[in-house]
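Structure first, then comments.
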Amino acid sequence: MTEKTQSTPADELSLAREAAVNADAFAELYRRHVTRVYRYHAAHTGNVKDAEDLTSQTFMAALEGIRSFRGDAPFAAWLMGIASKKRFLFFRGRKPEVPIEAALHIPSPSLPTDKAAFSRLQIESISRALKQISADRAEALILRFFGELSMAETGRVLNKSEAAAKMLVARGLQDLRERTSLALEVEK
């Protein structure tokens with residue numbers, strides 16, 4: 001998976017318009033967003049195979065619907081909206097088990113063993129705590145931190161204002177702080 005590429009909304013709008021007729025343009029959008037979509041699905045499914053399948057379904061739906069992207073929201077928010085719908089269809093009629101550690105487990109040979117172990121303990125603690133908070137707060141946190149969306153984009157996906165998304169994230173983080181011994185530092 002590739003690292004997140006910084007781009008402007010105008011750049012992504014023109015790239016999305018080009019993607020309607022050019023496979024290379026869509027491939028670039030895929031490269032820019034595949035990690036966030038995969039992590040979002042992995043955070044919800046806790047299963048590599050299901051996360052990969054849902055990521056594939058998300059991008060197939062995006063490719064099929066790329067002409068409907070008008071640019072009134074960032075491309076990432078539009079794409080994560082599709083991911084959210086795919087997740088909803090996947091879990092309809094099932095109760096998900098969500099081991100969040102699967103979303104962040106991307107092996108790194110440069111991470112020393114003690115740091116990797118500490119990181120895994122932190123993730124397991126957060127995973128347990130996310131299962132204990134309200135679904136809307138957990139979803140806001142997953143979109144914001146695993147999906148790497150801005151507050152405005154998170155609000156768009158949740159059909160809420162940016163202020164409401166900030167409130168959900170802030171309350172979700174407070175819930176996590178109360179349920180874990182971790183001191184979570186969040187960039188604003």
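Chain identifiers are assigned as A, B, and so on, following the order in which chains appear in the structure tokens; residues are numbered from 1 within each chain, and ligands are numbered from 1 in order of appearance.
When the distance limit is 10 Å and only C-alpha atoms are what count, the residues near range 158-168 of chain A, minus those fewer than 6 positions from it on the same chain, are Ala77, Met80, Gly81, Ser84, Ser134, Asp136, Arg137, Ala138, Glu139, Ala140, Leu141, Leu143, Arg144, Ser150, Met151, Ala152, Gln174 and Lys188 of chain A.
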Could those selected residues go to a file with N, CA and C atoms, as a tab-separated table (two decimals), in the first residue's frame?
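Result file follows (part.tsv):
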```
chain	number	residue	atom	x	y	z
A	77	ALA	N	-14.08	12.06	0.85
A	77	ALA	CA	-15.37	11.95	1.53
A	77	ALA	C	-16.37	11.18	0.66
A	80	MET	N	-15.29	7.52	0.80
A	80	MET	CA	-15.59	6.90	2.09
A	80	MET	C	-17.08	6.74	2.30
A	81	GLY	N	-17.89	7.58	1.66
A	81	GLY	CA	-19.33	7.37	1.68
A	81	GLY	C	-19.69	6.05	0.99
A	84	SER	N	-18.66	3.28	3.31
A	84	SER	CA	-19.63	3.14	4.39
A	84	SER	C	-20.85	2.35	3.93
A	134	SER	N	-20.53	4.38	22.04
A	134	SER	CA	-21.65	4.41	21.11
A	134	SER	C	-21.17	4.23	19.67
A	136	ASP	N	-22.07	5.66	16.88
A	136	ASP	CA	-21.80	6.87	16.09
A	136	ASP	C	-20.47	7.50	16.47
A	137	ARG	N	-20.11	7.45	17.74
A	137	ARG	CA	-18.80	7.99	18.16
A	137	ARG	C	-17.67	7.10	17.64
A	138	ALA	N	-17.85	5.79	17.72
A	138	ALA	CA	-16.83	4.87	17.21
A	138	ALA	C	-16.65	5.07	15.71
A	139	GLU	N	-17.74	5.20	14.97
A	139	GLU	CA	-17.65	5.40	13.51
A	139	GLU	C	-16.93	6.70	13.19
A	140	ALA	N	-17.22	7.76	13.93
A	140	ALA	CA	-16.55	9.04	13.70
A	140	ALA	C	-15.04	8.90	13.95
A	141	LEU	N	-14.66	8.20	15.01
A	141	LEU	CA	-13.24	8.00	15.31
A	141	LEU	C	-12.57	7.16	14.23
A	143	LEU	N	-13.48	6.80	11.05
A	143	LEU	CA	-13.35	7.61	9.83
A	143	LEU	C	-12.21	8.62	9.96
A	144	ARG	N	-12.14	9.26	11.11
A	144	ARG	CA	-11.16	10.33	11.31
A	144	ARG	C	-9.73	9.80	11.36
A	150	SER	N	-10.54	14.44	7.16
A	150	SER	CA	-10.60	15.67	7.94
A	150	SER	C	-11.93	15.68	8.70
A	151	MET	N	-12.09	16.61	9.60
A	151	MET	CA	-13.36	16.73	10.32
A	151	MET	C	-14.51	17.02	9.36
A	152	ALA	N	-14.27	17.90	8.40
A	152	ALA	CA	-15.32	18.23	7.43
A	152	ALA	C	-15.71	17.00	6.61
A	174	GLN	N	-12.94	11.26	24.50
A	174	GLN	CA	-13.12	11.31	25.95
A	174	GLN	C	-13.57	9.95	26.47
A	188	LYS	N	-4.97	18.79	16.22
A	188	LYS	CA	-6.21	19.48	15.88
A	188	LYS	C	-6.06	20.16	14.58
```
Just want the 10 Å neighbourhood of Asp53 in chain A, counted on only C-alpha atoms, with same-chain residues fewer than 5 positions away dropped. Output as number ranges by chain.
A: 38, 41, 47-48, 58
Quick one: of A:Leu29, A:Ala83, A:Ala19, A:Val34, who's nearest to Ile66 in chain A, counting only C-alpha atoms?
A:Ala19
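Distances to Leu130 in chain A were evaluated for A:Asp24, A:Ala170, A:Thr55, A:Ala43 using only C-alpha atoms, and the minimum falls at A:Ala43.
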Can you measure CA of Ala73 in chain A to CA of Arg39 in chain A for me? One decimal in Å is fine.
21.1 Å
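Taking only C-alpha atoms into account, Arg156 in chain A lies nearest to A:Ala76 out of the set A:Ala76, A:Glu178, A:Gly65, A:Phe91.
CA of Ala61 in chain A is found 7.3 Å from CA of Ile82 in chain A.
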